[in-house]
Every structure is written in C-alpha cells, then in structure tokens.
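Read through the structure below, which is laid out as structure tokens, and then see the notes.
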Amino acid sequence: MTESTLKPRSHTLTDGPARAGARAMLRASGLKDGDFAKPLIGVANTWIEIGPCNYHLRELAVHVKDGIRAAGGTPLEFNTVSISDGITMGTEGMRASLISREVIADSIELVTRGNLFDALIVLVGCDKTIPGGIMALARLNIPGLILYGGSIAPGQFEGHTVTIQDVYEAIGKHSSGGMTDAQLHSLEVAACPGAGACGGQFTANTMALVCEFLGIAPMGLSSVPATNSAKAASGKRAGEMVLELLRKNVTPSKIITKTAIENAITGVAATGGSTNAVLHLLAVANEAGLSLNIDDFDRVSSRTPILADLKPGGRFVATELYAAGGTALVAKRLVEARLLRGEALTVSGRTIGEEASAAKETPGQEVVRKLNAPLKPTGGLVILKGNLAPEGCVIKVAGHDFKTFSGPARVFDSEEAAFAAVDGNQIKKGDVLVIRYEGPKGGPGMREMLAVTAALVGAGLGDSVALLTDGRFSGATHGLMAGHVAPEAANGGPIAAVADGDVIVFDIPGRKLNVELSDAEIQQRLTRWKPPAPRFTNGVFAKYALLVSSSSLGAVAVVPKSFSSAGQSASSPGLGRTL
C-alpha cells in the first residue's frame, strides 16, 4: 500500500470541500490541517477506574498515541465498557461480565465503523476486554492489533507471595475458623499492590497469552507487566506497529487462522490456563468465520504437556514467567516439541516460530519446565460428555490428580444457595455440588463460581468434593470442577433433572460425566420440568438471554435465522468481514 492510499476508509470522512463540516468538528477536538492528511487510527481503550486490571490504560494510551504519531498516523482514542470479575464475583453484578464481552466488541465495531478508521489498536486489561477486543478485530477485519496492559505484581503476606485467589480462599478459611479477622484484613490489604490484571494464569493472563499465540498481539510487548518500566516503550512500539500493518495491508483474517487458533489452544493447555479460553476462542472463531468445536480443545490438549508451573495449580505468577523468559519461552519449548506451528504469521511481521527463537531463558529459572520434565504429560483442559452433558463440559486438570470421582448430588438452583451451604458447613466430603440455572441464558450471563470454589478450598474440602455447573469458573479456580455443562438447565438440559442424592460419576480418562439414572428416568423427570421465569424482562440482560447460544458454541449472541440482508443470510461466510 502506497502513502497516497493509506487512508482507504477515512478519506471519505475527512477529504474534500464537502467534508468541511466534519473537519470543523474534529478541529474542535484538537486536530489540525496536517492531521487530516494522515490515516486515522482508532485507539480503543478499555480503561475504567473500577479495579486494577484496566486502571493504568489511560497512561499506556499516551505512549501508544506517541508511537502512532511518530509512524505517520493520527490517533483517535475512545473508550468502551469493562466489568471487573474479581470485584463482582459472588454478586448479581457478575451476571454482567460475560455479557460485557459482546458489548465491548459491539461498541468497538460501532465507533470504528462510524468514524471510518483506517486501522485499530485495542488496549485491554481484563477477562472480557481481551476476547471482546479480539472479536472486534476479527469482525472488522481492518489492520490492527491487541496490546495487553500487563499483569499485576504479586502481593506479600506472612512471608510469601499472594494473589486475589488467596483472598477468596481465605474467605472460606475464615468462615471455618481457620483465620482471624485481623489476618483476613491484612491479606486483603496486601493481595493487590497496584495496577495490572490478576497475577496467576487466571483468565486475563490466559487470554493475553492467547493473543500472543494467535499472533494478534505482539509477543514480548503485551506480556510486559503493568508497572514495569519497559511498558511505556512497549506501548510506543505497538503504536508504530499498527502503521506497519496498515502499509502492508495485513488484516486480522491473515493472522487469525485455524492454525493460529490451534496454536493458542496449545499455549493454554501448556500453561494450565483458564477454562474460559474455551468460551472465548469459540467466540473468536465464530467472528473469524472459522470452524472450531469444543472437541478440538480436548484433541489439542491431550497431545500437549503442561510446561509452565503457574498459579492457580502451580507455584508462580505471570511476573515471574516474564522474568524467566516470558511467553516466548513457552512458545520456544512447544516449537521444539513440534506442537506449535511455527509458520503462523504475527502482527510483528515475523512468524511465531521466529518470535519463539528469539526467547531468552533466564539461567536457573524454574517457571517453564524442560520438555523432558513436564509437570504433566498432557494439557490442562479436558472435555467431558455423557448423559449429564450431551454437548460437553470443561474441566481444568492442571491443579489436581483426580481420575475418577463419584458421589451424591447436592443440588442448588443458584450460586448464592450453594455458597450459603458451604459457608454454613453443610457440605460433606464426597458430595458433588450441582449449581444450575447459571448458564448463558439462565443466569443470564453465566457467572463465575470462584466465591463457591474458593470457599470449598478454604474450608478444607477442595480435594474431597466435586462441583459441576452450567455456569463458569474463574481462572483462579482449582479442584475437580466441571463448568459449561451443556445444554444448560434453562434450556431443559439433563442437569435440570438432577435431584439431591442422585449419584454423579466423573470419569476423566473415559471423558465421561454421567448421573446414574436411565435415559427413561431423565426424560420422565424432564417432562415434569417447567422453565423458570426469566430474571430480566427488559434491557441488555433480557436481550442477551434471548439471543445467546449454548456455551458449547461460545455463548455468543446470535442473529436470528430469519434475519437476512439483500437476500444473504447473516450467517453466510464473508458478511460483515470488511469495512
């Protein structure tokens, strides 16, 4: 692309006598004559003052815009929404979290299409802003990239490092008498020492790694921790990189391929990453028009060893991974094992194999294992199916060694009811907690269950009970926990038929999740079942519940099949793929 064609979209907005009105408005925002001759680069910022994950992105945006200007572009910053999972966990507010992913993608699309940006950079920092940003880039398919704000530093409590995971587990320990009020308060004060996303290989850091392994975020820039002095230079370099993508007309569809998605799944599996990556990569594939199903995660994970010793199941946090050699070191190991397709293109202009080859391993580091000494021979994600989950469910096996488990069901129709039972010491060893009507539609919004799972760990039950839900789990969850059970209860899935005392069987080697009931008994119970009244009848929650797909498909808001435009189905390949 030549300099004269660097404004393939924005020239319609800014060029010529007829656009004097638009230029007059933009001048009031600080633009001058020279700015209109340059490509307009959208800087989608997910800054929010509520919580540390995105709190510092305003400052990072300054450096990004400096890089864009230095490379010959005109940056235009705008904001979108963000919901902090760590803050809203265990409350009604958590229903907004997954829904926000769709709103983030939609709002970035609206501002980008409305202002005819020539390229786009998306600054992200937390669980849903990251996949929402990727989805927007895949949908818009204009030159662009993701820049992650980086991980928080670990806190220090009683001589050891701590994260937000420790706080939630301490709540359970406190309720069972194992921690004093003063200790809990001291931990609360120490756990989150500054800006940045939650420190373990929880959802934010998992999805940040996904961005790098997809190639849509520059490896080595995104993973610089939030408060590291190198973050400013990373922001400036990312801003320059956007112009390079524009000049070469490298669009997301050239980067986000099926190969790239399988590379991303490999990275998640090798680092014991969050089960939420399953939902989000399914959603990204949907936006990119790529074929991906839930069984692909099990296929890729089963051939991938766990190499990174990261929390919640391991010892280290993201800042320690960065110090050890970073995500590039993980990629290097996987390329050497021929598990990562090194030819996949990234936004740096180099392949992921070239990025991996540049990794610098810190001597003596213990975070990333050698290939001949993995933590586990197979990856951290397992997909189970059976008469309780015909469409599948997701288990993270990185933090435990369970092979099978069976026990009587303790059934709860909300997260709050389950938490009250745990908090009240009503759960016994051997129980299987069933939390239902918390799926994408039934929630709505598919809340994470960290409050419950952490309370179980804190109460000393983490290794002696199991849990299944049509909701989600936090990336900080560990133990035998099956999430995303589909079909969900609100859609009349088999989970809706389970009663207290039914025996539930987990068979991880056999990839099965069953209740010891005959098909006839399950169907008989479901004939008596009535769907619950919707929790919301208007607003964004009601719209999401009406449009959302199954968790096995990514819990994306889907356009009704009857919708069409100019005779073409909205689900037809290519519709809306470019501006």
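Residues are named by chain letter and number: chains run A, B, ... in the order of the structure tokens, numbers start at 1 in each chain, and ligands are numbered from 1 in the order shown.
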
- as a ChimeraX atom specification, list the residues of range 477-569 of chain A assigned to strand (DSSP E) by DSSP on the backbone atoms of this structure. /A:480-486,503-507,512-515,564-565,568-569

- Item | Those in range 148-341 of chain A with alpha helix (DSSP H) from DSSP, as a ChimeraX atom specification | /A:164-175,181-190,203-214,231-248,258-270,276-288,294-301,318-324,326-336

Need to verify the contact set: Leu282 in chain A, 10 Å, only C-alpha atoms, exclusion of same-chain residues closer than 5 positions in sequence. Can you return it as a PDB file with N, CA, C and O atoms, in the first residue's frame?
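Below you can see part-v2.pdb, which holds the result:
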ATOM      1  N   ILE A 261      -5.425 -20.512  15.817  1.00  0.00           N
ATOM      2  CA  ILE A 261      -6.299 -20.849  16.941  1.00  0.00           C
ATOM      3  C   ILE A 261      -5.812 -22.123  17.622  1.00  0.00           C
ATOM      4  O   ILE A 261      -5.803 -22.221  18.855  1.00  0.00           O
ATOM      5  N   ALA A 277     -10.964 -19.827  28.338  1.00  0.00           N
ATOM      6  CA  ALA A 277     -10.386 -19.764  27.000  1.00  0.00           C
ATOM      7  C   ALA A 277     -11.217 -20.560  26.000  1.00  0.00           C
ATOM      8  O   ALA A 277     -11.250 -20.232  24.808  1.00  0.00           O
ATOM      9  N   GLU A 287     -16.451 -15.280  14.989  1.00  0.00           N
ATOM     10  CA  GLU A 287     -16.285 -13.972  14.342  1.00  0.00           C
ATOM     11  C   GLU A 287     -15.397 -14.074  13.102  1.00  0.00           C
ATOM     12  O   GLU A 287     -15.616 -13.364  12.117  1.00  0.00           O
ATOM     13  N   ALA A 288     -14.401 -14.935  13.170  1.00  0.00           N
ATOM     14  CA  ALA A 288     -13.458 -15.062  12.056  1.00  0.00           C
ATOM     15  C   ALA A 288     -13.961 -15.983  10.952  1.00  0.00           C
ATOM     16  O   ALA A 288     -13.300 -16.142   9.926  1.00  0.00           O
ATOM     17  N   LEU A 290     -14.342 -19.260  11.160  1.00  0.00           N
ATOM     18  CA  LEU A 290     -13.541 -20.476  11.148  1.00  0.00           C
ATOM     19  C   LEU A 290     -14.264 -21.608  11.850  1.00  0.00           C
ATOM     20  O   LEU A 290     -15.028 -21.385  12.792  1.00  0.00           O
ATOM     21  N   SER A 291     -14.016 -22.825  11.397  1.00  0.00           N
ATOM     22  CA  SER A 291     -14.624 -23.999  12.000  1.00  0.00           C
ATOM     23  C   SER A 291     -13.841 -24.387  13.255  1.00  0.00           C
ATOM     24  O   SER A 291     -12.639 -24.628  13.215  1.00  0.00           O
ATOM     25  N   LEU A 292     -14.541 -24.430  14.398  1.00  0.00           N
ATOM     26  CA  LEU A 292     -13.932 -24.841  15.658  1.00  0.00           C
ATOM     27  C   LEU A 292     -15.044 -25.401  16.528  1.00  0.00           C
ATOM     28  O   LEU A 292     -16.132 -24.821  16.603  1.00  0.00           O
ATOM     29  N   ASN A 293     -14.783 -26.541  17.164  1.00  0.00           N
ATOM     30  CA  ASN A 293     -15.785 -27.075  18.079  1.00  0.00           C
ATOM     31  C   ASN A 293     -15.124 -27.482  19.387  1.00  0.00           C
ATOM     32  O   ASN A 293     -13.899 -27.551  19.496  1.00  0.00           O
ATOM     33  N   ILE A 294     -15.942 -27.748  20.370  1.00  0.00           N
ATOM     34  CA  ILE A 294     -15.447 -27.988  21.725  1.00  0.00           C
ATOM     35  C   ILE A 294     -14.511 -29.196  21.792  1.00  0.00           C
ATOM     36  O   ILE A 294     -13.583 -29.235  22.595  1.00  0.00           O
ATOM     37  N   PHE A 297     -10.580 -28.763  21.559  1.00  0.00           N
ATOM     38  CA  PHE A 297      -9.783 -28.418  22.735  1.00  0.00           C
ATOM     39  C   PHE A 297      -9.221 -29.669  23.396  1.00  0.00           C
ATOM     40  O   PHE A 297      -8.060 -29.700  23.816  1.00  0.00           O
ATOM     41  N   SER A 551     -23.204 -22.594  25.604  1.00  0.00           N
ATOM     42  CA  SER A 551     -21.791 -22.449  25.970  1.00  0.00           C
ATOM     43  C   SER A 551     -20.897 -23.322  25.101  1.00  0.00           C
ATOM     44  O   SER A 551     -19.730 -22.987  24.874  1.00  0.00           O
ATOM     45  N   SER A 552     -21.426 -24.425  24.590  1.00  0.00           N
ATOM     46  CA  SER A 552     -20.637 -25.300  23.715  1.00  0.00           C
ATOM     47  C   SER A 552     -20.327 -24.645  22.381  1.00  0.00           C
ATOM     48  O   SER A 552     -19.481 -25.123  21.625  1.00  0.00           O
ATOM     49  N   LEU A 553     -21.000 -23.517  22.103  1.00  0.00           N
ATOM     50  CA  LEU A 553     -20.767 -22.756  20.873  1.00  0.00           C
ATOM     51  C   LEU A 553     -20.111 -21.413  21.165  1.00  0.00           C
ATOM     52  O   LEU A 553     -19.989 -20.575  20.273  1.00  0.00           O
ATOM     53  N   GLY A 554     -19.727 -21.192  22.418  1.00  0.00           N
ATOM     54  CA  GLY A 554     -19.054 -19.952  22.767  1.00  0.00           C
ATOM     55  C   GLY A 554     -19.906 -18.929  23.468  1.00  0.00           C
ATOM     56  O   GLY A 554     -19.442 -17.840  23.776  1.00  0.00           O
ATOM     57  N   ALA A 555     -21.203 -19.240  23.708  1.00  0.00           N
ATOM     58  CA  ALA A 555     -22.117 -18.300  24.374  1.00  0.00           C
ATOM     59  C   ALA A 555     -22.111 -16.946  23.689  1.00  0.00           C
ATOM     60  O   ALA A 555     -22.038 -15.893  24.326  1.00  0.00           O
ATOM     61  N   VAL A 556     -22.190 -16.973  22.366  1.00  0.00           N
ATOM     62  CA  VAL A 556     -22.218 -15.732  21.592  1.00  0.00           C
ATOM     63  C   VAL A 556     -23.661 -15.332  21.320  1.00  0.00           C
ATOM     64  O   VAL A 556     -24.555 -16.175  21.221  1.00  0.00           O
TER      65      VAL A 556
END

Do a neighbour search on range 448-452 of chain A at 8 Å with only C-alpha atoms, toss out local chain neighbours closer than 5 positions, and write the hits as an mmCIF file with all heavy atoms, in the first residue's frame.
data_model
loop_
_atom_site.group_PDB
_atom_site.id
_atom_site.type_symbol
_atom_site.label_atom_id
_atom_site.label_comp_id
_atom_site.auth_asym_id
_atom_site.auth_seq_id
_atom_site.Cartn_x
_atom_site.Cartn_y
_atom_site.Cartn_z
ATOM 1 N N MET A 89 -17.514 -10.754 41.696
ATOM 2 C CA MET A 89 -17.633 -12.182 41.987
ATOM 3 C C MET A 89 -18.582 -12.445 43.154
ATOM 4 O O MET A 89 -18.489 -11.818 44.200
ATOM 5 C CB MET A 89 -16.256 -12.744 42.322
ATOM 6 C CG MET A 89 -16.169 -14.252 42.317
ATOM 7 S SD MET A 89 -16.137 -14.909 40.640
ATOM 8 C CE MET A 89 -14.563 -14.283 40.039
ATOM 9 N N GLY A 90 -19.511 -13.388 42.950
ATOM 10 C CA GLY A 90 -20.414 -13.787 44.003
ATOM 11 C C GLY A 90 -21.613 -12.882 44.188
ATOM 12 O O GLY A 90 -22.386 -13.058 45.139
ATOM 13 N N MET A 94 -22.036 -9.951 38.781
ATOM 14 C CA MET A 94 -21.229 -10.869 37.973
ATOM 15 C C MET A 94 -21.977 -11.325 36.722
ATOM 16 O O MET A 94 -21.347 -11.750 35.750
ATOM 17 C CB MET A 94 -20.836 -12.073 38.822
ATOM 18 C CG MET A 94 -19.886 -13.036 38.141
ATOM 19 S SD MET A 94 -18.326 -12.254 37.728
ATOM 20 C CE MET A 94 -17.447 -13.585 37.002
ATOM 21 N N TYR A 168 -9.845 -14.975 48.116
ATOM 22 C CA TYR A 168 -11.117 -15.713 48.051
ATOM 23 C C TYR A 168 -11.036 -17.034 48.810
ATOM 24 O O TYR A 168 -12.009 -17.454 49.456
ATOM 25 C CB TYR A 168 -11.522 -15.928 46.587
ATOM 26 C CG TYR A 168 -12.275 -14.733 46.040
ATOM 27 C CD1 TYR A 168 -11.644 -13.778 45.254
ATOM 28 C CD2 TYR A 168 -13.610 -14.546 46.330
ATOM 29 C CE1 TYR A 168 -12.324 -12.674 44.775
ATOM 30 C CE2 TYR A 168 -14.306 -13.447 45.853
ATOM 31 C CZ TYR A 168 -13.655 -12.510 45.074
ATOM 32 O OH TYR A 168 -14.338 -11.405 44.614
ATOM 33 N N GLU A 415 -26.017 -19.750 42.583
ATOM 34 C CA GLU A 415 -24.709 -19.690 43.220
ATOM 35 C C GLU A 415 -24.851 -19.299 44.688
ATOM 36 O O GLU A 415 -24.153 -19.837 45.557
ATOM 37 C CB GLU A 415 -23.819 -18.680 42.502
ATOM 38 C CG GLU A 415 -22.435 -18.534 43.134
ATOM 39 C CD GLU A 415 -21.621 -17.409 42.527
ATOM 40 O OE1 GLU A 415 -22.138 -16.661 41.686
ATOM 41 O OE2 GLU A 415 -20.447 -17.274 42.927
ATOM 42 N N ALA A 418 -25.680 -22.214 46.911
ATOM 43 C CA ALA A 418 -24.532 -23.103 47.103
ATOM 44 C C ALA A 418 -23.521 -22.492 48.069
ATOM 45 O O ALA A 418 -22.984 -23.175 48.950
ATOM 46 C CB ALA A 418 -23.870 -23.401 45.762
ATOM 47 N N PHE A 419 -23.251 -21.204 47.912
ATOM 48 C CA PHE A 419 -22.291 -20.546 48.799
ATOM 49 C C PHE A 419 -22.776 -20.579 50.251
ATOM 50 O O PHE A 419 -21.986 -20.820 51.179
ATOM 51 C CB PHE A 419 -22.047 -19.107 48.366
ATOM 52 C CG PHE A 419 -21.023 -18.402 49.213
ATOM 53 C CD1 PHE A 419 -19.668 -18.576 48.982
ATOM 54 C CD2 PHE A 419 -21.412 -17.577 50.256
ATOM 55 C CE1 PHE A 419 -18.718 -17.950 49.774
ATOM 56 C CE2 PHE A 419 -20.465 -16.943 51.054
ATOM 57 C CZ PHE A 419 -19.118 -17.125 50.810
ATOM 58 N N VAL A 422 -21.991 -23.938 51.697
ATOM 59 C CA VAL A 422 -20.563 -24.095 52.020
ATOM 60 C C VAL A 422 -20.220 -23.262 53.248
ATOM 61 O O VAL A 422 -19.563 -23.748 54.185
ATOM 62 C CB VAL A 422 -19.684 -23.679 50.822
ATOM 63 C CG1 VAL A 422 -18.200 -23.786 51.194
ATOM 64 C CG2 VAL A 422 -19.980 -24.544 49.600
ATOM 65 N N GLY A 471 -22.783 -22.821 34.778
ATOM 66 C CA GLY A 471 -22.085 -21.549 34.791
ATOM 67 C C GLY A 471 -20.614 -21.733 34.462
ATOM 68 O O GLY A 471 -20.204 -22.748 33.886
ATOM 69 N N ARG A 472 -19.796 -20.749 34.871
ATOM 70 C CA ARG A 472 -18.371 -20.769 34.542
ATOM 71 C C ARG A 472 -17.542 -20.832 35.816
ATOM 72 O O ARG A 472 -18.056 -20.695 36.919
ATOM 73 C CB ARG A 472 -17.982 -19.476 33.795
ATOM 74 C CG ARG A 472 -18.648 -19.282 32.472
ATOM 75 C CD ARG A 472 -18.120 -18.029 31.779
ATOM 76 N NE ARG A 472 -18.479 -16.812 32.504
ATOM 77 C CZ ARG A 472 -17.624 -15.891 32.907
ATOM 78 N NH1 ARG A 472 -16.332 -16.054 32.682
ATOM 79 N NH2 ARG A 472 -18.023 -14.816 33.551
ATOM 80 N N PHE A 473 -16.245 -20.987 35.619
ATOM 81 C CA PHE A 473 -15.301 -20.894 36.712
ATOM 82 C C PHE A 473 -14.312 -19.775 36.439
ATOM 83 O O PHE A 473 -13.966 -19.498 35.291
ATOM 84 C CB PHE A 473 -14.534 -22.200 36.894
ATOM 85 C CG PHE A 473 -15.394 -23.333 37.363
ATOM 86 C CD1 PHE A 473 -15.454 -24.512 36.651
ATOM 87 C CD2 PHE A 473 -16.169 -23.203 38.500
ATOM 88 C CE1 PHE A 473 -16.256 -25.555 37.072
ATOM 89 C CE2 PHE A 473 -16.983 -24.232 38.921
ATOM 90 C CZ PHE A 473 -17.022 -25.418 38.214
ATOM 91 N N SER A 474 -13.856 -19.175 37.510
ATOM 92 C CA SER A 474 -12.757 -18.225 37.405
ATOM 93 C C SER A 474 -11.502 -18.968 36.985
ATOM 94 O O SER A 474 -11.330 -20.153 37.279
ATOM 95 C CB SER A 474 -12.536 -17.556 38.758
ATOM 96 O OG SER A 474 -11.280 -16.907 38.800
ATOM 97 N N ALA A 476 -8.942 -18.608 38.466
ATOM 98 C CA ALA A 476 -8.286 -18.893 39.736
ATOM 99 C C ALA A 476 -8.818 -20.151 40.401
ATOM 100 O O ALA A 476 -8.307 -20.579 41.431
ATOM 101 C CB ALA A 476 -8.461 -17.705 40.688
ATOM 102 N N THR A 477 -9.847 -20.764 39.816
ATOM 103 C CA THR A 477 -10.427 -21.970 40.396
ATOM 104 C C THR A 477 -9.510 -23.175 40.189
ATOM 105 O O THR A 477 -8.911 -23.337 39.134
ATOM 106 C CB THR A 477 -11.800 -22.254 39.756
ATOM 107 O OG1 THR A 477 -12.708 -21.226 40.161
ATOM 108 C CG2 THR A 477 -12.361 -23.595 40.187
#

- Query: Between A:Leu57, A:Leu279, A:Ala545, A:Ala308, which has the minimum distance to Thr227 in chain A (counting only C-alpha atoms)?
  - Reply: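 With only C-alpha atoms as the atom set, the closest residue is A:Leu57.
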
- Task: Quick one: everything within 9 Å of Arg410 in chain A, counting only C-alpha atoms, minus sequence neighbours fewer than 5 positions away in the same chain. Send it as a PyMOL selection string.
- Result: chain A and resi 418+427+431-435+499-502

Those same residues, written as a PDB file, in the first residue's frame with N, CA, C and O atoms?
ATOM      1  N   ALA A 418     -25.680 -22.214  46.911  1.00  0.00           N
ATOM      2  CA  ALA A 418     -24.532 -23.103  47.103  1.00  0.00           C
ATOM      3  C   ALA A 418     -23.521 -22.492  48.069  1.00  0.00           C
ATOM      4  O   ALA A 418     -22.984 -23.175  48.950  1.00  0.00           O
ATOM      5  N   ILE A 427     -21.715 -28.884  53.629  1.00  0.00           N
ATOM      6  CA  ILE A 427     -21.200 -29.762  52.581  1.00  0.00           C
ATOM      7  C   ILE A 427     -20.245 -30.764  53.220  1.00  0.00           C
ATOM      8  O   ILE A 427     -19.412 -30.417  54.056  1.00  0.00           O
ATOM      9  N   ASP A 431     -19.359 -35.220  48.581  1.00  0.00           N
ATOM     10  CA  ASP A 431     -20.511 -34.618  47.897  1.00  0.00           C
ATOM     11  C   ASP A 431     -20.123 -34.112  46.509  1.00  0.00           C
ATOM     12  O   ASP A 431     -18.964 -33.772  46.240  1.00  0.00           O
ATOM     13  N   VAL A 432     -21.117 -34.053  45.634  1.00  0.00           N
ATOM     14  CA  VAL A 432     -20.968 -33.409  44.326  1.00  0.00           C
ATOM     15  C   VAL A 432     -21.957 -32.257  44.278  1.00  0.00           C
ATOM     16  O   VAL A 432     -23.174 -32.467  44.232  1.00  0.00           O
ATOM     17  N   LEU A 433     -21.444 -31.033  44.325  1.00  0.00           N
ATOM     18  CA  LEU A 433     -22.304 -29.862  44.253  1.00  0.00           C
ATOM     19  C   LEU A 433     -22.756 -29.657  42.819  1.00  0.00           C
ATOM     20  O   LEU A 433     -21.936 -29.709  41.886  1.00  0.00           O
ATOM     21  N   VAL A 434     -24.044 -29.430  42.631  1.00  0.00           N
ATOM     22  CA  VAL A 434     -24.613 -29.129  41.318  1.00  0.00           C
ATOM     23  C   VAL A 434     -25.214 -27.730  41.399  1.00  0.00           C
ATOM     24  O   VAL A 434     -26.153 -27.493  42.169  1.00  0.00           O
ATOM     25  N   ILE A 435     -24.654 -26.803  40.645  1.00  0.00           N
ATOM     26  CA  ILE A 435     -25.172 -25.431  40.617  1.00  0.00           C
ATOM     27  C   ILE A 435     -25.724 -25.176  39.222  1.00  0.00           C
ATOM     28  O   ILE A 435     -24.990 -25.196  38.238  1.00  0.00           O
ATOM     29  N   ALA A 499     -31.563 -34.557  40.995  1.00  0.00           N
ATOM     30  CA  ALA A 499     -32.152 -34.339  42.311  1.00  0.00           C
ATOM     31  C   ALA A 499     -31.137 -34.690  43.391  1.00  0.00           C
ATOM     32  O   ALA A 499     -30.178 -35.447  43.156  1.00  0.00           O
ATOM     33  N   ASP A 500     -31.327 -34.135  44.577  1.00  0.00           N
ATOM     34  CA  ASP A 500     -30.452 -34.462  45.711  1.00  0.00           C
ATOM     35  C   ASP A 500     -30.350 -35.977  45.887  1.00  0.00           C
ATOM     36  O   ASP A 500     -31.356 -36.682  45.874  1.00  0.00           O
ATOM     37  N   GLY A 501     -29.136 -36.441  46.063  1.00  0.00           N
ATOM     38  CA  GLY A 501     -28.907 -37.860  46.308  1.00  0.00           C
ATOM     39  C   GLY A 501     -28.591 -38.670  45.074  1.00  0.00           C
ATOM     40  O   GLY A 501     -28.050 -39.783  45.186  1.00  0.00           O
ATOM     41  N   ASP A 502     -28.909 -38.165  43.868  1.00  0.00           N
ATOM     42  CA  ASP A 502     -28.518 -38.874  42.646  1.00  0.00           C
ATOM     43  C   ASP A 502     -26.999 -39.008  42.611  1.00  0.00           C
ATOM     44  O   ASP A 502     -26.274 -38.065  42.947  1.00  0.00           O
TER      45      ASP A 502
END

- Query: Restricting the calculation to only C-alpha atoms, which member of A:Arg95, A:Arg69, A:Lys311, A:Lys32 is positioned closest to Pro154 in chain A?
  - Reply: A:Lys311

- Of the candidates A:Cys53, A:Thr206, A:Leu246, A:Leu461, which one gets nearest to Gly150 in chain A if we count only C-alpha atoms?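 Closest residue, counting only C-alpha atoms: A:Cys53.
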
- Write out as a PyMOL selection string the residues lying within 10 Å of Gly326 in chain A, counting only C-alpha atoms and excluding same-chain residues fewer than 6 positions away. chain A and resi 209+219-220+223-224+318-320+356+359-362+367-368

Can you write out the residues you just picked, keeping C-alpha atoms, as an mmCIF file, in the first residue's frame?
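And here is the file that came out, result.cif:
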data_model
loop_
_atom_site.group_PDB
_atom_site.id
_atom_site.type_symbol
_atom_site.label_atom_id
_atom_site.label_comp_id
_atom_site.auth_asym_id
_atom_site.auth_seq_id
_atom_site.Cartn_x
_atom_site.Cartn_y
_atom_site.Cartn_z
ATOM 1 C CA LEU A 209 -1.173 -15.466 26.120
ATOM 2 C CA MET A 219 4.871 -11.207 21.561
ATOM 3 C CA GLY A 220 7.107 -9.684 24.184
ATOM 4 C CA SER A 223 3.355 -9.552 28.370
ATOM 5 C CA VAL A 224 5.479 -6.793 29.922
ATOM 6 C CA ALA A 318 2.843 -14.001 35.496
ATOM 7 C CA THR A 319 5.533 -11.530 36.502
ATOM 8 C CA GLU A 320 7.764 -14.486 37.355
ATOM 9 C CA ALA A 356 9.998 -18.081 19.752
ATOM 10 C CA ALA A 359 13.371 -16.126 23.504
ATOM 11 C CA LYS A 360 15.981 -15.530 26.190
ATOM 12 C CA GLU A 361 15.798 -18.003 29.041
ATOM 13 C CA THR A 362 16.961 -16.788 32.426
ATOM 14 C CA VAL A 367 8.799 -21.483 35.911
ATOM 15 C CA VAL A 368 8.932 -23.170 32.487
#

- For Gly510 in chain A, which residue out of A:Leu245, A:Arg58, A:Lys403, A:Ile121 is the nearest one, using only C-alpha atoms?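 Closest to Gly510 in chain A of all the choices is A:Lys403.
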
- Spatial neighbours of Lys65 in chain A, 9 Å, only C-alpha atoms, chain gap at least 4 places, as a ChimeraX atom specification: /A:43,60-61,69-70,73-77,235-236,239-240

Restricting the output to C-alpha atoms, write the selected residues as a CSV table (one decimal), in the first residue's frame.
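Here's the written file result.csv:
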chain,number,residue,atom,x,y,z
A,43,VAL,CA,-7.2,3.6,19.8
A,60,LEU,CA,-0.4,3.5,28.4
A,61,ALA,CA,-2.6,5.1,25.7
A,69,ARG,CA,2.1,9.9,15.5
A,70,ALA,CA,5.8,9.0,15.1
A,73,GLY,CA,-0.8,8.4,11.8
A,74,THR,CA,-3.4,10.4,13.6
A,75,PRO,CA,-4.6,8.6,16.7
A,76,LEU,CA,-8.2,9.0,17.9
A,77,GLU,CA,-8.8,7.4,21.3
A,235,GLY,CA,3.1,1.0,24.1
A,236,LYS,CA,5.0,3.3,21.7
A,239,GLY,CA,1.6,2.2,18.1
A,240,GLU,CA,4.3,2.2,15.4

- Task: Rank A:Ile108, A:Met179, A:Ala283, A:Ala497 by their smallest atom-to-atom distance to Val558 in chain A, using only C-alpha atoms, and report the top residue only.
- Result: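 Once distances to Val558 in chain A are computed over only C-alpha atoms, the minimum belongs to A:Ala283.
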
- Length of the CA of Gly149 in chain A to CA of Tyr544 in chain A vector [Å]: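 Atom-to-atom, CA of Gly149 in chain A and CA of Tyr544 in chain A are spaced 28.1 Å apart.
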
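For the pair CA of Val162 in chain A and CA of Ser100 in chain A, the separation is 28.0 Å.
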
- Query: So, counting only C-alpha atoms, which residue among A:Thr251, A:Asn228, A:Arg511, A:Tyr148 is closest to Arg299 in chain A?
  - Reply: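 Closest residue, counting only C-alpha atoms: A:Arg511.
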